[in-house]
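Peer 1: Below is entry.tsv; it holds TSV, C-alpha atoms.
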```tsv
chain	number	residue	atom	x	y	z
Z	1	MET	CA	26.07	4.85	-15.80
Z	2	LEU	CA	22.49	6.12	-16.04
Z	3	ARG	CA	19.62	4.72	-18.01
Z	4	ALA	CA	16.28	6.31	-18.77
Z	5	MET	CA	13.19	5.14	-16.95
Z	6	ILE	CA	9.69	5.67	-18.31
Z	7	VAL	CA	7.84	7.74	-15.73
Z	8	ALA	CA	4.13	8.48	-15.88
Z	9	LEU	CA	2.81	11.88	-14.84
Z	10	LEU	CA	-0.80	11.94	-13.71
Z	11	SER	CA	-2.87	14.97	-12.85
Z	12	SER	CA	-6.28	16.52	-13.50
Z	13	PRO	CA	-7.44	20.09	-14.12
Z	14	ALA	CA	-10.20	19.36	-11.59
Z	15	CYS	CA	-7.57	19.38	-8.83
Z	16	ALA	CA	-7.26	23.15	-9.36
Z	17	ASP	CA	-10.98	23.65	-8.64
Z	18	HIS	CA	-10.54	23.03	-4.92
Z	19	ASP	CA	-10.44	26.58	-3.52
Z	20	PRO	CA	-10.01	26.96	0.26
Z	21	GLY	CA	-10.14	30.74	-0.08
Z	22	PRO	CA	-7.83	33.76	-0.11
Z	23	GLY	CA	-4.65	33.39	1.87
Z	24	HIS	CA	-4.96	29.66	2.42
Z	25	PRO	CA	-1.57	27.94	1.93
Z	26	GLU	CA	-3.13	24.94	0.16
Z	27	CYS	CA	-4.00	27.05	-2.87
Z	28	PRO	CA	-4.64	26.18	-6.54
Z	29	ALA	CA	-1.33	27.83	-7.45
Z	30	ARG	CA	0.44	24.87	-5.83
Z	31	LEU	CA	-0.72	22.58	-8.61
Z	32	GLN	CA	0.33	25.07	-11.27
Z	33	ALA	CA	3.77	25.43	-9.68
Z	34	ALA	CA	4.25	21.67	-9.79
Z	35	LEU	CA	3.08	21.34	-13.39
Z	36	ASP	CA	5.07	24.36	-14.56
Z	37	ALA	CA	8.18	22.77	-13.08
Z	38	LEU	CA	7.58	19.71	-15.27
Z	39	ALA	CA	6.88	21.63	-18.49
Z	40	GLY	CA	10.43	22.01	-19.82
Z	41	PRO	CA	12.08	19.99	-22.59
Z	42	GLU	CA	13.90	17.69	-20.18
Z	43	PHE	CA	10.51	16.41	-19.01
Z	44	ALA	CA	9.16	15.75	-22.51
Z	45	PRO	CA	9.74	11.97	-22.06
Z	46	LEU	CA	7.17	11.83	-19.24
Z	47	ARG	CA	4.17	9.72	-20.18
Z	48	ARG	CA	1.33	12.11	-19.35
Z	49	LEU	CA	-1.86	10.32	-18.39
Z	50	ASP	CA	-5.33	11.49	-17.41
Z	51	ALA	CA	-7.00	10.11	-14.33
Z	52	ALA	CA	-10.65	9.32	-13.77
Z	53	SER	CA	-12.37	10.11	-10.50
Z	54	ALA	CA	-12.02	7.50	-7.80
Z	55	THR	CA	-15.17	5.48	-7.33
Z	56	SER	CA	-17.01	5.34	-4.05
Z	57	ALA	CA	-15.97	1.68	-3.77
Z	58	GLN	CA	-12.30	2.65	-4.05
Z	59	LEU	CA	-12.66	5.40	-1.45
Z	60	GLU	CA	-14.55	3.13	0.94
Z	61	ARG	CA	-11.66	0.71	1.18
Z	62	ALA	CA	-9.84	3.39	3.19
Z	63	HIS	CA	-12.72	5.43	4.63
Z	64	SER	CA	-16.08	4.65	6.17
Z	65	PRO	CA	-18.98	4.66	3.68
Z	66	ARG	CA	-20.79	7.25	5.77
Z	67	TYR	CA	-17.79	9.56	5.66
Z	68	VAL	CA	-17.37	9.15	1.90
Z	69	ARG	CA	-21.04	9.96	1.32
Z	70	ARG	CA	-20.77	13.02	3.55
Z	71	ILE	CA	-17.73	14.48	1.77
Z	72	LEU	CA	-19.13	13.82	-1.71
Z	73	SER	CA	-22.41	15.49	-0.73
Z	74	ILE	CA	-20.77	18.79	0.24
Z	75	LEU	CA	-21.28	20.98	-2.84
Z	76	PRO	CA	-21.46	24.62	-1.79
Z	77	GLU	CA	-22.70	27.24	-4.20
Z	78	VAL	CA	-20.01	28.88	-6.32
Z	79	GLY	CA	-18.25	31.42	-4.14
Z	80	ASP	CA	-19.38	29.80	-0.90
Z	81	ALA	CA	-17.42	27.43	1.31
Z	82	VAL	CA	-17.94	24.87	4.07
Z	83	ARG	CA	-15.32	24.76	6.84
Z	84	LEU	CA	-14.78	21.24	8.19
Z	85	ASP	CA	-12.21	22.31	10.76
Z	86	PRO	CA	-10.06	25.42	11.26
Z	87	ASP	CA	-7.72	24.34	8.43
Z	88	THR	CA	-9.88	22.28	6.07
Z	89	VAL	CA	-12.30	24.06	3.76
Z	90	MET	CA	-14.47	22.78	0.92
Z	91	SER	CA	-15.55	24.85	-2.07
Z	92	ARG	CA	-17.84	23.84	-4.93
Z	93	GLY	CA	-15.02	21.94	-6.66
Z	94	SER	CA	-13.44	20.32	-3.62
Z	95	ALA	CA	-15.24	16.97	-3.61
Z	96	GLU	CA	-14.41	16.31	-7.27
Z	97	ALA	CA	-10.83	17.50	-6.79
Z	98	ALA	CA	-10.37	15.03	-3.95
Z	99	ARG	CA	-11.95	12.23	-6.01
Z	100	ARG	CA	-9.62	13.04	-8.90
Z	101	ALA	CA	-6.60	13.07	-6.59
Z	102	ALA	CA	-7.46	9.62	-5.29
Z	103	GLY	CA	-8.29	8.48	-8.81
Z	104	ALA	CA	-4.89	9.65	-10.04
Z	105	ALA	CA	-3.24	7.66	-7.24
Z	106	CYS	CA	-5.11	4.52	-8.33
Z	107	ALA	CA	-4.28	5.15	-12.00
Z	108	ALA	CA	-0.62	5.57	-11.05
Z	109	VAL	CA	-0.71	2.11	-9.45
Z	110	ASP	CA	-2.25	0.71	-12.62
Z	111	ALA	CA	0.45	2.34	-14.77
Z	112	VAL	CA	3.33	0.72	-12.89
Z	113	MET	CA	1.56	-2.61	-12.54
Z	114	ASP	CA	0.55	-3.00	-16.20
Z	115	GLY	CA	3.95	-1.91	-17.48
Z	116	THR	CA	2.89	1.45	-18.89
Z	117	ALA	CA	5.61	3.01	-16.74
Z	118	GLY	CA	8.33	1.95	-14.37
Z	119	ALA	CA	7.40	4.66	-11.88
Z	120	ALA	CA	4.69	7.28	-11.63
Z	121	PHE	CA	4.24	10.72	-10.10
Z	122	ALA	CA	0.80	12.18	-9.41
Z	123	ALA	CA	0.68	15.98	-9.26
Z	124	ILE	CA	-2.49	16.28	-7.23
Z	125	ARG	CA	-4.29	18.32	-4.62
Z	126	PRO	CA	-5.77	18.44	-2.08
Z	127	PRO	CA	-3.17	16.41	-0.20
Z	128	GLY	CA	-4.37	13.30	1.60
Z	129	HIS	CA	-2.19	11.95	4.38
Z	130	HIS	CA	-4.02	13.65	7.27
Z	131	ALA	CA	-7.46	12.32	6.29
Z	132	GLU	CA	-8.47	9.70	8.85
Z	133	PRO	CA	-10.97	6.87	8.24
Z	134	ALA	CA	-13.92	9.08	9.16
Z	135	GLN	CA	-12.51	12.57	9.58
Z	136	ALA	CA	-11.11	15.29	7.33
Z	137	MET	CA	-8.26	17.35	8.73
Z	138	GLY	CA	-5.10	19.21	7.86
Z	139	PHE	CA	-6.23	20.31	4.37
Z	140	CYS	CA	-7.00	16.66	3.51
Z	141	LEU	CA	-10.29	15.01	2.48
Z	142	PHE	CA	-9.41	11.52	1.20
Z	143	GLY	CA	-6.22	9.57	1.94
Z	144	SER	CA	-5.03	9.10	-1.62
Z	145	ALA	CA	-1.97	7.04	-0.68
Z	146	ALA	CA	-4.02	4.64	1.43
Z	147	VAL	CA	-6.72	4.44	-1.27
Z	148	ALA	CA	-3.98	3.55	-3.77
Z	149	ALA	CA	-2.61	0.84	-1.47
Z	150	PHE	CA	-5.99	-0.86	-1.14
Z	151	HIS	CA	-6.55	-0.50	-4.89
Z	152	ALA	CA	-3.25	-2.30	-5.49
Z	153	ARG	CA	-4.43	-5.12	-3.27
Z	154	ASP	CA	-7.91	-5.38	-4.79
Z	155	ARG	CA	-7.07	-4.83	-8.47
Z	156	TRP	CA	-3.63	-6.45	-8.69
Z	157	GLY	CA	-3.65	-9.01	-5.89
Z	158	LEU	CA	-0.63	-7.55	-4.12
Z	159	ARG	CA	-0.25	-8.43	-0.48
Z	160	ARG	CA	2.63	-6.45	1.02
Z	161	ILE	CA	2.41	-2.73	0.30
Z	162	ALA	CA	4.42	0.05	1.94
Z	163	ILE	CA	3.94	3.80	2.11
Z	164	ALA	CA	6.98	6.01	2.76
Z	165	ASP	CA	6.13	9.57	3.81
Z	166	PHE	CA	8.70	12.38	3.99
Z	167	ASP	CA	6.28	15.28	4.35
Z	168	VAL	CA	7.21	17.62	7.21
Z	169	HIS	CA	3.95	16.72	8.99
Z	170	HIS	CA	3.16	13.26	10.29
Z	171	GLY	CA	0.70	11.34	8.11
Z	172	ASN	CA	-1.67	10.55	10.95
Z	173	GLY	CA	-4.48	9.63	8.57
Z	174	THR	CA	-2.41	7.15	6.60
Z	175	GLN	CA	-1.16	5.61	9.84
Z	176	ALA	CA	-4.68	5.35	11.28
Z	177	ILE	CA	-5.92	3.60	8.14
Z	178	MET	CA	-3.00	1.17	7.86
Z	179	GLN	CA	-1.74	0.44	11.37
Z	180	SER	CA	-4.12	-2.45	12.07
Z	181	ASP	CA	-3.22	-4.41	8.92
Z	182	PRO	CA	0.05	-6.36	9.24
Z	183	ASP	CA	0.35	-6.65	5.45
Z	184	LEU	CA	0.67	-2.87	5.13
Z	185	PHE	CA	3.64	-0.81	6.30
Z	186	PHE	CA	3.90	2.91	7.01
Z	187	ALA	CA	7.20	4.75	7.45
Z	188	SER	CA	7.25	8.49	8.16
Z	189	SER	CA	9.80	11.19	8.90
Z	190	HIS	CA	8.34	14.44	10.20
Z	191	GLN	CA	8.99	17.40	12.45
Z	192	SER	CA	8.09	17.00	16.11
Z	193	PRO	CA	6.68	18.90	17.85
Z	194	CYS	CA	4.52	20.02	14.98
Z	195	TYR	CA	1.01	19.57	13.61
Z	196	PRO	CA	-0.82	17.19	14.08
Z	197	GLY	CA	1.00	16.09	17.23
Z	198	THR	CA	1.15	12.38	16.37
Z	199	GLY	CA	3.97	10.19	15.10
Z	200	ALA	CA	5.99	9.32	18.17
Z	201	ALA	CA	8.68	6.69	17.72
Z	202	SER	CA	6.73	4.52	20.17
Z	203	GLU	CA	3.79	4.23	17.75
Z	204	ARG	CA	4.55	0.85	16.18
Z	205	GLY	CA	1.31	-0.48	14.70
Z	206	VAL	CA	-0.35	-3.84	15.22
Z	207	ALA	CA	2.67	-5.87	14.14
Z	208	GLY	CA	5.54	-3.42	14.11
Z	209	ASN	CA	4.20	-2.23	10.77
Z	210	VAL	CA	4.61	1.47	11.60
Z	211	ALA	CA	7.98	3.22	11.84
Z	212	ASN	CA	8.09	6.88	12.81
Z	213	LEU	CA	11.09	9.20	12.75
Z	214	PRO	CA	10.36	12.42	14.67
Z	215	LEU	CA	12.82	15.20	13.80
Z	216	ALA	CA	13.42	18.23	15.98
Z	217	PRO	CA	12.78	21.71	14.56
Z	218	GLY	CA	15.91	22.95	12.84
Z	219	THR	CA	17.00	19.48	11.68
Z	220	GLY	CA	18.81	19.68	8.36
Z	221	GLY	CA	19.86	17.25	5.69
Z	222	ALA	CA	22.43	15.40	7.81
Z	223	GLY	CA	19.90	14.49	10.50
Z	224	PHE	CA	17.23	13.62	7.95
Z	225	ARG	CA	19.57	11.33	6.00
Z	226	ALA	CA	20.92	9.68	9.13
Z	227	GLY	CA	17.42	8.92	10.41
Z	228	TRP	CA	16.31	7.34	7.16
Z	229	THR	CA	19.58	5.39	6.84
Z	230	GLU	CA	19.55	4.07	10.39
Z	231	ARG	CA	15.83	3.53	11.03
Z	232	LEU	CA	13.32	3.88	8.22
Z	233	LEU	CA	15.09	2.37	5.21
Z	234	PRO	CA	16.14	-0.77	7.15
Z	235	ALA	CA	12.57	-1.17	8.40
Z	236	LEU	CA	11.23	-0.94	4.87
Z	237	ASP	CA	13.86	-3.42	3.69
Z	238	ARG	CA	12.80	-5.91	6.35
Z	239	PHE	CA	9.16	-5.55	5.31
Z	240	ALA	CA	10.13	-6.21	1.65
Z	241	PRO	CA	7.08	-4.64	-0.05
Z	242	GLU	CA	5.72	-5.68	-3.42
Z	243	LEU	CA	4.82	-2.06	-4.17
Z	244	LEU	CA	6.22	1.18	-2.74
Z	245	ILE	CA	3.99	4.25	-2.53
Z	246	VAL	CA	5.61	7.57	-1.62
Z	247	SER	CA	3.82	10.45	0.08
Z	248	ALA	CA	6.05	13.14	-1.37
Z	249	GLY	CA	5.62	16.29	0.69
Z	250	PHE	CA	8.16	19.03	0.10
Z	251	ASP	CA	7.28	21.27	3.05
Z	252	ALA	CA	10.40	20.14	4.94
Z	253	HIS	CA	12.30	22.52	2.63
Z	254	ARG	CA	14.08	25.31	4.47
Z	255	ASP	CA	12.11	27.96	2.54
Z	256	ASP	CA	8.73	26.57	3.57
Z	257	LEU	CA	7.23	28.55	6.43
Z	258	LEU	CA	4.69	26.00	7.70
Z	259	ALA	CA	7.38	24.19	9.70
Z	260	GLN	CA	11.04	24.46	10.64
Z	261	LEU	CA	13.05	21.68	9.03
Z	262	GLU	CA	16.03	22.72	6.90
Z	263	LEU	CA	16.10	20.40	3.88
Z	264	ASP	CA	17.02	21.42	0.35
Z	265	GLU	CA	16.58	19.95	-3.12
Z	266	ASP	CA	19.62	17.70	-2.77
Z	267	ASP	CA	18.04	16.02	0.25
Z	268	PHE	CA	14.92	15.20	-1.75
Z	269	VAL	CA	17.09	13.81	-4.56
Z	270	TRP	CA	18.88	11.67	-1.97
Z	271	ILE	CA	15.71	10.18	-0.47
Z	272	THR	CA	14.23	9.61	-3.94
Z	273	GLU	CA	17.33	7.66	-4.96
Z	274	ARG	CA	17.22	5.54	-1.81
Z	275	LEU	CA	13.53	4.77	-2.23
Z	276	GLN	CA	14.13	3.88	-5.88
Z	277	ALA	CA	16.88	1.51	-4.84
Z	278	LEU	CA	14.59	-0.09	-2.29
Z	279	ALA	CA	11.87	-0.49	-4.92
Z	280	ALA	CA	14.41	-2.09	-7.25
Z	281	ARG	CA	15.36	-4.63	-4.57
Z	282	HIS	CA	11.83	-5.66	-3.62
Z	283	CYS	CA	9.22	-4.38	-6.10
Z	284	GLY	CA	10.70	-4.81	-9.54
Z	285	GLY	CA	11.27	-1.06	-9.43
Z	286	ARG	CA	7.57	-0.30	-9.06
Z	287	LEU	CA	7.22	3.03	-7.27
Z	288	VAL	CA	4.24	5.40	-7.12
Z	289	SER	CA	4.80	8.93	-5.81
Z	290	LEU	CA	2.00	11.30	-4.79
Z	291	LEU	CA	2.31	15.01	-4.08
Z	292	GLU	CA	1.42	15.87	-0.51
Z	293	GLY	CA	2.57	19.17	1.08
Z	294	GLY	CA	4.83	21.99	-0.07
Z	295	TYR	CA	3.65	25.56	0.33
Z	296	ASP	CA	6.47	27.84	-0.76
Z	297	LEU	CA	5.74	27.91	-4.48
Z	298	PRO	CA	9.28	28.44	-5.85
Z	299	ALA	CA	10.68	25.77	-3.52
Z	300	LEU	CA	7.83	23.42	-4.39
Z	301	GLY	CA	8.55	23.76	-8.10
Z	302	ARG	CA	12.25	23.13	-7.66
Z	303	CYS	CA	11.66	20.12	-5.42
Z	304	VAL	CA	9.08	18.55	-7.72
Z	305	ALA	CA	11.46	18.96	-10.66
Z	306	ALA	CA	14.33	17.41	-8.69
Z	307	HIS	CA	12.16	14.51	-7.50
Z	308	VAL	CA	10.75	13.66	-10.93
Z	309	ARG	CA	14.12	14.16	-12.63
Z	310	THR	CA	15.51	11.56	-10.25
Z	311	LEU	CA	12.63	9.18	-10.91
Z	312	MET	CA	13.41	9.47	-14.64
Z	313	ARG	CA	16.81	7.92	-14.20
Z	314	THR	CA	18.16	5.04	-12.16
Z	315	ALA	CA	21.78	4.58	-11.20
Z	316	ALA	CA	23.55	1.24	-11.34
Z	317	ALA	CA	23.26	-0.55	-8.00
Z	318	SER	CA	26.86	0.22	-7.17
Z	319	ASP	CA	26.26	3.93	-7.61
Z	320	VAL	CA	23.19	4.23	-5.31
```
Output the file's structure in the form of structure tokens.
Peer 2:
Amino acid sequence: MLRAMIVALLSSPACADHDPGPGHPECPARLQAALDALAGPEFAPLRRLDAASATSAQLERAHSPRYVRRILSILPEVGDAVRLDPDTVMSRGSAEAARRAAGAACAAVDAVMDGTAGAAFAAIRPPGHHAEPAQAMGFCLFGSAAVAAFHARDRWGLRRIAIADFDVHHGNGTQAIMQSDPDLFFASSHQSPCYPGTGAASERGVAGNVANLPLAPGTGGAGFRAGWTERLLPALDRFAPELLIVSAGFDAHRDDLLAQLELDEDDFVWITERLQALAARHCGGRLVSLLEGGYDLPALGRCVAAHVRTLMRTAAASDV
């Protein structure tokens, strides 16, 4: 038997103003594809919320103050761009887009903590999980998931917070920010070898608070599900978080050309259900999901719809 769950949808038009330039895979059309996928009648029950920009204080819990000041000061003229590395480009609207993305992540935490929603999905860009404490990389400027985790601690007094990341690329930035804090936990599945070259199973964090699942190119749903079932979900269960944040990247889809995993929509439904069940066991159901990667636009739209559709319902414990 299924019951409806109130799910909040957070986004900002400012997230479309980040423009890395023609031909860049992390394009404004990604946001539109995600939002278009959630525009149909079945998604009318979503509680659509606006998000303010993250404050410097919020950003500085995850990043060095000097780095935050530097990124927020980069405001090229309209039509110009500043290249931070071969992959990461800032346009006139990039700094505000990144602040809004992090702000949406914090607002999503507030929504599930104050009872506005049982779960929340933030349709945001640029993605965040590659942004290290003092370095932008991999299309990412601010680590929105890590910013949200520290916001949950500061604003709501939570202690044990976990981030689960199923993007095809390892969330090196999230890991770098969290790995030295035993009250935070980071679990990631990702292709290896692949960008950024981190995420070995031997990387365990300061107190075993990091769990990495490298997946060989060509791995499909069976290998993905087995790895989460045997390694990552049990590790998250043992940690028993008070809040679960999901870095929801959909670039492990077989149609996405930035890597070579072979997942489909059913695999993302499966992992969403398992993470919901984990949140029900430990967090009172509180789950915050943030869009990370996903660069084939039709596949991205289908995966976002499948993910949010699953968040909108919860199965009885015996059915999960």
Peer 1: Residues at most 9 Å from Thr219 of chain Z, counting all atoms listed in the file, excluding those fewer than 2 positions away in the same chain, as an MDAnalysis selection string?
Peer 2: chainID Z and resid 191 215:217 221:224 260:263
Peer 1: Using all atoms listed in the file, which residues sit within 9 Å of segment 99-102 of chain Z once same-chain residues fewer than 5 positions away are excluded, as a list in words?
Peer 2: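 Once the adjacent positions are removed, what remains is Ser11, Ser12, Ala14, Cys15, Ala51, Ala52, Ser53, Ala54, Thr55, Ser56, Gln58, Leu59, Leu72, Ser94, Ala107, Ala122, Ala123, Ile124, Arg125, Pro126, Pro127, Gly128, Phe142, Gly143, Ser144, Ala145, Val147, Ala148 and Leu290 of chain Z.
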Peer 1: From the options Z:Ala117, Z:Met90, Z:Leu158, Z:Val246, which residue's atoms come nearest to Phe139 of chain Z, counting all atoms listed in the file?
Peer 2: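 Among Z:Ala117, Z:Met90, Z:Leu158, Z:Val246, it is Z:Met90 that comes nearest to Phe139 of chain Z.
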Peer 1: Could you list, as a list in words, every residue within 10 Å of Phe250 of chain Z, counting only C-alpha atoms and ignoring same-chain residues fewer than 2 positions away?
Peer 2: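 In the requested form, the answer reads Phe166, Asp167, Val168, Ser247, Ala248, Ala252, His253, Arg254, Asp256, Leu263, Asp264, Glu265, Phe268, Leu291, Glu292, Gly293, Gly294, Tyr295, Asp296, Ala299, Leu300, Gly301, Arg302, Cys303, Val304 and His307 of chain Z.
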Peer 1: Rounded to one decimal place, report the atom CA of Val112 of chain Z-atom CA of Leu287 of chain Z distance in Å.
Peer 2: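 It comes out at 7.2 Å.
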Peer 1: Z:Leu38, Z:Ala305, Z:Leu184, Z:Ala8: which is nearest Ala162 of chain Z, counting all atoms listed in the file?
Peer 2: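 Smallest distance to Ala162 of chain Z is found for Z:Leu184.
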Peer 1: So the first atom is atom CA of Cys283 of chain Z and the second is atom CA of Ala240 of chain Z; what is the distance between them in Å, to one decimal place?
Peer 2: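 Separation between atom CA of Cys283 of chain Z and atom CA of Ala240 of chain Z: 8.0 Å.
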Peer 1: What is the atom CA of Ala152 of chain Z-atom CA of His282 of chain Z distance in Å, reported with one decimal?
Peer 2: 15.6 Å
Peer 1: Show me as a list in words the residues that reach within 8 Å of (5.0, 9.2, 5.3), counting all atoms listed in the file and using the file's own coordinates.
Peer 2: His129, Ile163, Ala164, Asp165, Phe166, Asp167, His170, Gly171, Thr174, Phe186, Ala187, Ser188, Ser189, His190, Val246, Ser247 and Ala248 of chain Z
Peer 1: Under the rule that all atoms listed in the file are counted, which of Z:Gly199, Z:Gly115, Z:Gly205, Z:Pro193 is the nearest residue to Gly218 of chain Z?
Peer 2: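 Looking at the shortest contact to Gly218 of chain Z, the residue is Z:Pro193.
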Peer 1: Considering all atoms listed in the file, return as a compact mmCIF listing (two decimals) with C-alpha atoms, keeping the file's coordinate frame whatever protein or nucleic-acid residues lie within 12 Å of segment 44-47 of chain Z, sequence-local ones (same chain, fewer than 3 positions apart) excluded.
Peer 2:
```
# COMPACT_ATOMS: atom_id res chain seq x y z
CA ALA Z 4 16.28 6.31 -18.77
CA MET Z 5 13.19 5.14 -16.95
CA ILE Z 6 9.69 5.67 -18.31
CA VAL Z 7 7.84 7.74 -15.73
CA ALA Z 8 4.13 8.48 -15.88
CA LEU Z 9 2.81 11.88 -14.84
CA LEU Z 10 -0.80 11.94 -13.71
CA SER Z 11 -2.87 14.97 -12.85
CA LEU Z 35 3.08 21.34 -13.39
CA ALA Z 37 8.18 22.77 -13.08
CA LEU Z 38 7.58 19.71 -15.27
CA ALA Z 39 6.88 21.63 -18.49
CA GLY Z 40 10.43 22.01 -19.82
CA PRO Z 41 12.08 19.99 -22.59
CA ASP Z 50 -5.33 11.49 -17.41
CA ALA Z 108 -0.62 5.57 -11.05
CA ALA Z 111 0.45 2.34 -14.77
CA VAL Z 112 3.33 0.72 -12.89
CA GLY Z 115 3.95 -1.91 -17.48
CA THR Z 116 2.89 1.45 -18.89
CA ALA Z 117 5.61 3.01 -16.74
CA GLY Z 118 8.33 1.95 -14.37
CA ALA Z 119 7.40 4.66 -11.88
CA ALA Z 120 4.69 7.28 -11.63
CA PHE Z 121 4.24 10.72 -10.10
CA ALA Z 122 0.80 12.18 -9.41
CA ALA Z 305 11.46 18.96 -10.66
CA VAL Z 308 10.75 13.66 -10.93
CA ARG Z 309 14.12 14.16 -12.63
CA LEU Z 311 12.63 9.18 -10.91
CA MET Z 312 13.41 9.47 -14.64
CA ARG Z 313 16.81 7.92 -14.20
```
Peer 1: My list of candidates is Z:Ala279, Z:Ala104, Z:Leu243, Z:Cys27. Which is closest to Ser91 of chain Z when distances are computed with all atoms listed in the file?
Peer 2: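 Ranked by minimum distance to Ser91 of chain Z, first place goes to Z:Cys27.
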Peer 1: Taking all atoms of segment 211-216 of chain Z that the file lists, what box with edges along x, y and z, padded by 3 Å per side, do you get, with centre and edge lengths in Å to one decimal, as AutoDock Vina command-line options?
Peer 2:
```
--center_x 10.7 --center_y 10.7 --center_z 13.9 --size_x 11.4 --size_y 21.0 --size_z 10.1
```
Peer 1: Calculated over all atoms listed in the file, which of the candidates Z:Arg231, Z:Asp87, Z:Val109, Z:Asp114 has the smallest distance to Pro196 of chain Z?
Peer 2: Z:Asp87
Peer 1: Could you check which of Z:Ile161, Z:Ile177, Z:Leu258, Z:Ala136 is closest to Arg83 of chain Z, using all atoms listed in the file?
Peer 2: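 Checking each of Z:Ile161, Z:Ile177, Z:Leu258, Z:Ala136 against Arg83 of chain Z, counting all atoms listed in the file, the winner is Z:Ala136.
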Peer 1: Within 8 Å of Val269 of chain Z, counting only C-alpha atoms, which residues qualify if same-chain residues fewer than 3 places away don't, as a PyMOL selection string?
Peer 2: chain Z and resi 265-266+272-273+306-307+310
